[in-house]
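Here's the structure, in structure tokens; my notes come after.
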Amino acid sequence: MDSSNKLALLKEIYKDCVLCPRRCHVDRTQGQLGYCRLPARITMDCALAHYGEEPPISGTRGAGTIFLSSCNLGCIYCQNYQISHCAGGQELDSPSLARVMLDLQKRGCHNIEPVTPTSQVPLIMESLLLAREQGLQIPFVYNCGGYEDPGIIKMLDKMVDIYLPDFKYGVAEDGADFSAVSDYPRYALDSLKEMVRQVGPDLALENEVAKRGIIIRHLVLPGKLENSRAVFRLIKKEISTSVAISLMSQYTPTVKVRSHPLLGRRITAQEYEDVLNYALDLGFENLFVQEVNDENLTPDFGSDKPFG
Ligand code: SF4
């Protein structure tokens with residue numbers, strides 16, 4: 001099936017929305033809202049050159065990040081909660097978003113990276129195809145929370161160059177507690193397998209900047225080391241130990257969880273080291289690691305420059 005046929009099928013899904021595993025079955029074209037509360041239009045907060053991603057994604061000139069409104073997960077601790085817990089924002093049509101993509105390319109960004117595309121994927125892909133017709137050449141990065149429908153991911157084959165999914169929960173109960181999903185590991189794993197099938201397990205670089213491949217991200221949560229260990233065991237068992245993993249230490253309690261009994265603190269250097277050593281012992285060697293320090297990397301989307 002060619003890209004335009006896949007696009008037509010994707011757009012039909014807005015009428016009975018099963019774009020993600022929540023499968024709300026609402027008609028978003030008629031104003032019905034599901035869990036993500038998003039309409040059948042593109043809803044965006046801002047687009048900018050982003051220097052805070054992994055080095056091969058940000059490069060020297062920044063990732064071309066398009067921060068979209070809302071998300072299909074709604075994690076209670078989300079570092080981007082100002083936009084991910086809110087369905088408001090600028091409403092755009094596909095030609096307008098295509099212009100945003102072309103402008104990011106003109107500004108020198110290394111790629112186009114919508115975050116989080118899951119609930120808005122039909123019109124994002126329509127915008128991408130329009131932008132490609134108009135000269136967009138840089139890679140397209142699918143940066144998502146990992147709670148994806150593998151059937152939808154399959155429809156993105158040959159349109160996505162780089163996948164940047166989270167694998168948040170190896171322990172299903174943690175997904176239920178923090179993101180109101182009881183089946184996160186199964187959907188994440190099946191989707192990751194499809195992503196790897198499409199782009200391969202390696203990260204292809206040109207001048208140290210990613211052109212194709214996958215990086216799986218995992219954010220270590222305070223006191224949840226078994227969850228992190230389970231993530232690595234599952235990736236080893238079902239995918240590969242050679243896939244690139246970004247092990248993130250930057251968890252910072254937002255105002256929403258400052259009094260949470262578990263999530264109200266940052267992780268310790270010891271917790272991070274325990275998870276890192278566990279991954280190394282399992283045979284993972286393609287790891288992006290972070291320092292554990294007091295630096296606050298939480299963006300402020302109320303400011304003109306969310307990342308300072
Ligand atoms: S994309 Fe939104 S409306 Fe559609 S199934 Fe997921 S949460 Fe529900």
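Residue numbers start at 1 in each chain; chains themselves are named A, B, ... in the order of the structure tokens; ligands are numbered from 1 in the order shown.
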Each residue of chain A lying at most 10 Å from ligand 1 should get a row with its shortest atom-to-atom pair and the distance in Å to one decimal, counting only C-alpha atoms and all ligand atoms; could you produce that, ordered by chain and increasing number, as CSV?
residue,atom,partner,partner_atom_place_in_ligand_line,distance
A:Ile13,CA,ligand 1,4 (Fe),8.4
A:Tyr14,CA,ligand 1,4 (Fe),7.3
A:Lys15,CA,ligand 1,4 (Fe),9.5
A:Asp16,CA,ligand 1,4 (Fe),8.0
A:Cys17,CA,ligand 1,4 (Fe),4.3
A:Val18,CA,ligand 1,5 (S),4.3
A:Leu19,CA,ligand 1,1 (S),4.7
A:Cys20,CA,ligand 1,6 (Fe),4.1
A:Pro21,CA,ligand 1,5 (S),6.2
A:Arg22,CA,ligand 1,5 (S),4.7
A:Arg23,CA,ligand 1,5 (S),3.9
A:Cys24,CA,ligand 1,8 (Fe),4.2
A:His25,CA,ligand 1,5 (S),6.6
A:Val26,CA,ligand 1,3 (S),6.3
A:Asp27,CA,ligand 1,3 (S),8.4
A:Arg28,CA,ligand 1,3 (S),7.2
A:Gln32,CA,ligand 1,3 (S),8.5
A:Leu33,CA,ligand 1,3 (S),6.1
A:Gly34,CA,ligand 1,3 (S),3.8
A:Tyr35,CA,ligand 1,7 (S),4.3
A:Cys36,CA,ligand 1,2 (Fe),4.2
A:Arg37,CA,ligand 1,2 (Fe),6.4
A:Leu38,CA,ligand 1,2 (Fe),6.4
A:Pro39,CA,ligand 1,3 (S),8.3
A:Ala40,CA,ligand 1,3 (S),9.3
A:Ser70,CA,ligand 1,2 (Fe),9.0
A:Cys71,CA,ligand 1,7 (S),7.5
A:Asn72,CA,ligand 1,7 (S),4.6
A:Leu73,CA,ligand 1,7 (S),7.5
A:Gly74,CA,ligand 1,7 (S),9.5
A:Pro117,CA,ligand 1,1 (S),9.4
A:Thr118,CA,ligand 1,1 (S),6.4
A:Ser119,CA,ligand 1,1 (S),3.7
A:Gln120,CA,ligand 1,1 (S),7.0
A:Val121,CA,ligand 1,1 (S),8.7
A:Tyr147,CA,ligand 1,6 (Fe),9.3
A:Glu148,CA,ligand 1,6 (Fe),8.8
A:Asp149,CA,ligand 1,6 (Fe),9.2
Restricted to C-alpha atoms, what would the selected residues look like written as a short mmCIF file (atom, residue, chain, number, x, y, z; two decimals), in the first residue's frame?
data_model
loop_
_atom_site.label_atom_id
_atom_site.label_comp_id
_atom_site.auth_asym_id
_atom_site.auth_seq_id
_atom_site.Cartn_x
_atom_site.Cartn_y
_atom_site.Cartn_z
CA ILE A 13 -9.73 6.24 12.12
CA TYR A 14 -10.61 9.68 13.54
CA LYS A 15 -14.26 8.66 13.04
CA ASP A 16 -13.99 5.70 15.42
CA CYS A 17 -10.77 6.44 17.23
CA VAL A 18 -8.50 3.48 17.86
CA LEU A 19 -5.28 5.36 17.20
CA CYS A 20 -3.84 4.11 20.47
CA PRO A 21 -4.49 1.09 22.71
CA ARG A 22 -7.05 3.02 24.76
CA ARG A 23 -9.38 2.44 21.81
CA CYS A 24 -11.91 5.09 22.85
CA HIS A 25 -14.14 4.50 19.78
CA VAL A 26 -15.20 8.15 19.63
CA ASP A 27 -15.91 10.09 16.44
CA ARG A 28 -13.43 12.93 16.74
CA GLN A 32 -16.57 13.57 20.45
CA LEU A 33 -13.57 13.43 22.76
CA GLY A 34 -11.73 10.41 24.07
CA TYR A 35 -9.15 10.05 26.83
CA CYS A 36 -6.69 12.44 25.13
CA ARG A 37 -9.44 15.08 24.63
CA LEU A 38 -8.01 16.00 21.24
CA PRO A 39 -10.15 16.95 18.25
CA ALA A 40 -9.51 15.72 14.70
CA SER A 70 -2.06 16.49 25.10
CA CYS A 71 -0.95 12.87 25.00
CA ASN A 72 -2.53 9.44 25.12
CA LEU A 73 -0.77 8.51 28.39
CA GLY A 74 -1.15 11.42 30.81
CA PRO A 117 2.38 12.32 17.70
CA THR A 118 0.31 9.26 18.71
CA SER A 119 -3.12 10.88 19.02
CA GLN A 120 -2.56 13.19 16.06
CA VAL A 121 -0.72 10.86 13.71
CA TYR A 147 1.90 3.13 24.46
CA GLU A 148 1.25 2.53 20.79
CA ASP A 149 -0.94 0.25 18.75
#
Segment 37-252 of chain A: residues DSSP assigns to strand (DSSP E or B), reported as a VMD selection string: chain A and resid 42 to 50 63 to 68 90 to 92 112 to 115 140 to 144 162 to 166 204 to 206 209 to 219 244 to 248
Enumerate, in order of chain and increasing residue number, the residues of segment 67-146 of chain A with an atom no farther than 12 Å from segment 187-190 of chain A, each with its shortest atom pair and distance in Å to one decimal, counting only C-alpha atoms, as a Markdown table.
| residue | atom | partner | partner_atom | distance |
| --- | --- | --- | --- | --- |
| A:Cys144 | CA | A:Ala188 | CA | 10.4 |
| A:Gly145 | CA | A:Ala188 | CA | 8.7 |
| A:Gly146 | CA | A:Ala188 | CA | 5.0 |
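Nearest to Asp2 of chain A of all the residues A:Met155, A:Gln30, A:Ile42, A:Arg61 is A:Met155, based on only C-alpha atoms.
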What gap, in Å, lies between atom CA of Thr29 of chain A and atom CA of Ser191 of chain A?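 Atom CA of Thr29 of chain A sits 26.2 Å away from atom CA of Ser191 of chain A.
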Contact residues around segment 167-173 of chain A with only C-alpha atoms at 9 Å, ignoring same-chain residues under 4 positions, as a list in words: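 Surrounding residues, per the criterion: Gly145, Gly146, Tyr147, Asp177, Phe178, Val181, Ser182, Asp183, Tyr184, Pro185, Arg186, Ala188, Leu189, Leu192, Ile216, Arg217, His218, Leu219, Val220, Glu226, Asn227, Ser228, Arg229, Ala230, Val231, Phe232, Arg233 and Leu234 of chain A.
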If you measure from atom CA of Ile214 of chain A to atom CA of Pro56 of chain A, what distance in Å do you get, rounded to one decimal?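 For atom CA of Ile214 of chain A relative to atom CA of Pro56 of chain A, the distance reads 11.0 Å.
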For Lys106 of chain A, which residue among A:Glu91, A:Leu205, A:Ala49, A:Pro150 is the nearest when counting only C-alpha atoms? A:Ala49
Just the residues within 12 Å of Val115 of chain A, please, counting only C-alpha atoms, with nothing from its chain fewer than 5 positions along; format it as a PyMOL selection string. chain A and resi 43-48+50+53+63-72+80+83-84+120-121+124+140-146+163-166
Select, from A:Leu92, A:Leu262, A:Met195, A:Ile235, the residue with the minimum atom-to-atom distance to Leu221 of chain A, counting only C-alpha atoms. A:Leu262
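When atom CA of Gly135 of chain A is paired with atom CA of Asp304 of chain A, their separation reads 28.8 Å.
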Which residue gives the smallest distance to Val196 of chain A among A:Ser179, A:Gln250, A:Gln105, A:Ser242, with only C-alpha atoms counted?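 Between A:Ser179, A:Gln250, A:Gln105, A:Ser242, the residue approaching Val196 of chain A most closely is A:Ser242.
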Please give the complete set of residues from segment 12-143 of chain A that DSSP, run on the backbone, assigns to helix (DSSP H, G or I), formatted as a tab-separated table (two decimals) with N, CA and C atoms, in the first residue's frame.
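Everything below was put into result_5.tsv:
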chain	number	residue	atom	x	y	z
A	12	GLU	N	-9.43	8.02	8.32
A	12	GLU	CA	-10.73	7.41	8.63
A	12	GLU	C	-10.85	7.04	10.11
A	13	ILE	N	-9.70	6.72	10.72
A	13	ILE	CA	-9.73	6.24	12.12
A	13	ILE	C	-10.22	7.34	13.07
A	14	TYR	N	-10.07	8.61	12.69
A	14	TYR	CA	-10.61	9.68	13.54
A	14	TYR	C	-12.11	9.48	13.82
A	15	LYS	N	-12.80	8.80	12.90
A	15	LYS	CA	-14.26	8.66	13.04
A	15	LYS	C	-14.65	7.60	14.06
A	16	ASP	N	-13.70	6.75	14.43
A	16	ASP	CA	-13.99	5.70	15.42
A	16	ASP	C	-12.64	5.42	16.09
A	28	ARG	N	-14.08	11.63	16.49
A	28	ARG	CA	-13.43	12.93	16.74
A	28	ARG	C	-13.79	13.95	15.66
A	29	THR	N	-14.24	13.48	14.50
A	29	THR	CA	-14.64	14.44	13.45
A	29	THR	C	-15.96	15.12	13.80
A	30	GLN	N	-16.70	14.51	14.75
A	30	GLN	CA	-18.00	15.08	15.15
A	30	GLN	C	-17.93	15.72	16.54
A	55	PRO	N	22.54	13.31	21.96
A	55	PRO	CA	23.44	13.99	21.01
A	55	PRO	C	23.18	13.69	19.53
A	56	PRO	N	22.91	12.44	19.12
A	56	PRO	CA	22.69	12.24	17.68
A	56	PRO	C	21.35	12.79	17.19
A	57	ILE	N	20.47	13.13	18.10
A	57	ILE	CA	19.17	13.70	17.70
A	57	ILE	C	19.27	15.24	17.69
A	58	SER	N	19.88	15.81	18.71
A	58	SER	CA	20.00	17.28	18.76
A	58	SER	C	21.14	17.79	17.88
A	81	TYR	N	4.02	18.40	31.68
A	81	TYR	CA	2.59	18.35	31.98
A	81	TYR	C	1.83	19.60	31.53
A	82	GLN	N	2.55	20.75	31.46
A	82	GLN	CA	1.84	21.99	31.08
A	82	GLN	C	1.19	21.85	29.69
A	83	ILE	N	1.81	21.05	28.83
A	83	ILE	CA	1.18	20.86	27.51
A	83	ILE	C	0.58	19.46	27.38
A	84	SER	N	1.21	18.46	28.00
A	84	SER	CA	0.72	17.09	27.78
A	84	SER	C	-0.56	16.80	28.55
A	94	SER	N	-3.17	20.79	7.93
A	94	SER	CA	-1.95	20.09	7.47
A	94	SER	C	-1.02	20.99	6.67
A	95	PRO	N	-1.53	21.83	5.74
A	95	PRO	CA	-0.59	22.72	5.01
A	95	PRO	C	0.17	23.65	5.97
A	96	SER	N	-0.51	24.11	7.04
A	96	SER	CA	0.18	25.01	7.98
A	96	SER	C	1.28	24.25	8.73
A	97	LEU	N	0.98	23.01	9.15
A	97	LEU	CA	2.03	22.26	9.86
A	97	LEU	C	3.17	21.91	8.90
A	98	ALA	N	2.85	21.65	7.64
A	98	ALA	CA	3.92	21.39	6.66
A	98	ALA	C	4.84	22.61	6.58
A	99	ARG	N	4.26	23.82	6.64
A	99	ARG	CA	5.09	25.04	6.60
A	99	ARG	C	5.97	25.13	7.85
A	100	VAL	N	5.43	24.71	9.00
A	100	VAL	CA	6.22	24.70	10.24
A	100	VAL	C	7.42	23.77	10.05
A	101	MET	N	7.19	22.60	9.46
A	101	MET	CA	8.27	21.63	9.24
A	101	MET	C	9.33	22.23	8.30
A	102	LEU	N	8.88	22.86	7.24
A	102	LEU	CA	9.83	23.43	6.29
A	102	LEU	C	10.62	24.57	6.93
A	103	ASP	N	9.97	25.31	7.81
A	103	ASP	CA	10.67	26.41	8.48
A	103	ASP	C	11.76	25.86	9.42
A	104	LEU	N	11.45	24.74	10.11
A	104	LEU	CA	12.46	24.13	10.99
A	104	LEU	C	13.68	23.68	10.16
A	105	GLN	N	13.39	23.13	8.97
A	105	GLN	CA	14.51	22.74	8.09
A	105	GLN	C	15.33	23.97	7.69
A	106	LYS	N	14.62	25.05	7.34
A	106	LYS	CA	15.30	26.29	6.92
A	106	LYS	C	16.17	26.84	8.04
A	118	THR	N	1.22	10.43	18.72
A	118	THR	CA	0.31	9.26	18.71
A	118	THR	C	-1.15	9.62	18.42
A	119	SER	N	-1.69	10.58	19.16
A	119	SER	CA	-3.12	10.88	19.02
A	119	SER	C	-3.41	11.75	17.81
A	120	GLN	N	-2.36	12.25	17.17
A	120	GLN	CA	-2.56	13.19	16.06
A	120	GLN	C	-1.91	12.67	14.78
A	121	VAL	N	-1.60	11.37	14.78
A	121	VAL	CA	-0.72	10.86	13.71
A	121	VAL	C	-1.29	11.00	12.30
A	122	PRO	N	-2.61	10.88	12.07
A	122	PRO	CA	-3.04	10.98	10.66
A	122	PRO	C	-2.67	12.34	10.04
A	123	LEU	N	-2.98	13.43	10.72
A	123	LEU	CA	-2.69	14.74	10.13
A	123	LEU	C	-1.21	15.10	10.20
A	124	ILE	N	-0.49	14.54	11.18
A	124	ILE	CA	0.96	14.75	11.21
A	124	ILE	C	1.58	14.12	9.94
A	125	MET	N	1.13	12.91	9.62
A	125	MET	CA	1.72	12.24	8.45
A	125	MET	C	1.28	12.94	7.16
A	126	GLU	N	0.05	13.46	7.16
A	126	GLU	CA	-0.38	14.22	5.98
A	126	GLU	C	0.51	15.45	5.81
A	127	SER	N	0.81	16.12	6.92
A	127	SER	CA	1.69	17.30	6.87
A	127	SER	C	3.08	16.91	6.38
A	128	LEU	N	3.56	15.77	6.87
A	128	LEU	CA	4.89	15.31	6.47
A	128	LEU	C	4.94	15.07	4.96
A	129	LEU	N	3.92	14.38	4.43
A	129	LEU	CA	3.93	14.10	2.99
A	129	LEU	C	3.87	15.40	2.18
A	130	LEU	N	3.06	16.35	2.65
A	130	LEU	CA	3.00	17.65	1.96
A	130	LEU	C	4.35	18.34	1.99
A	131	ALA	N	4.99	18.31	3.17
A	131	ALA	CA	6.29	18.97	3.31
A	131	ALA	C	7.34	18.27	2.44
A	132	ARG	N	7.28	16.94	2.38
A	132	ARG	CA	8.22	16.20	1.51
A	132	ARG	C	8.05	16.66	0.06
A	133	GLU	N	6.79	16.82	-0.38
A	133	GLU	CA	6.53	17.27	-1.77
A	133	GLU	C	7.12	18.65	-2.01
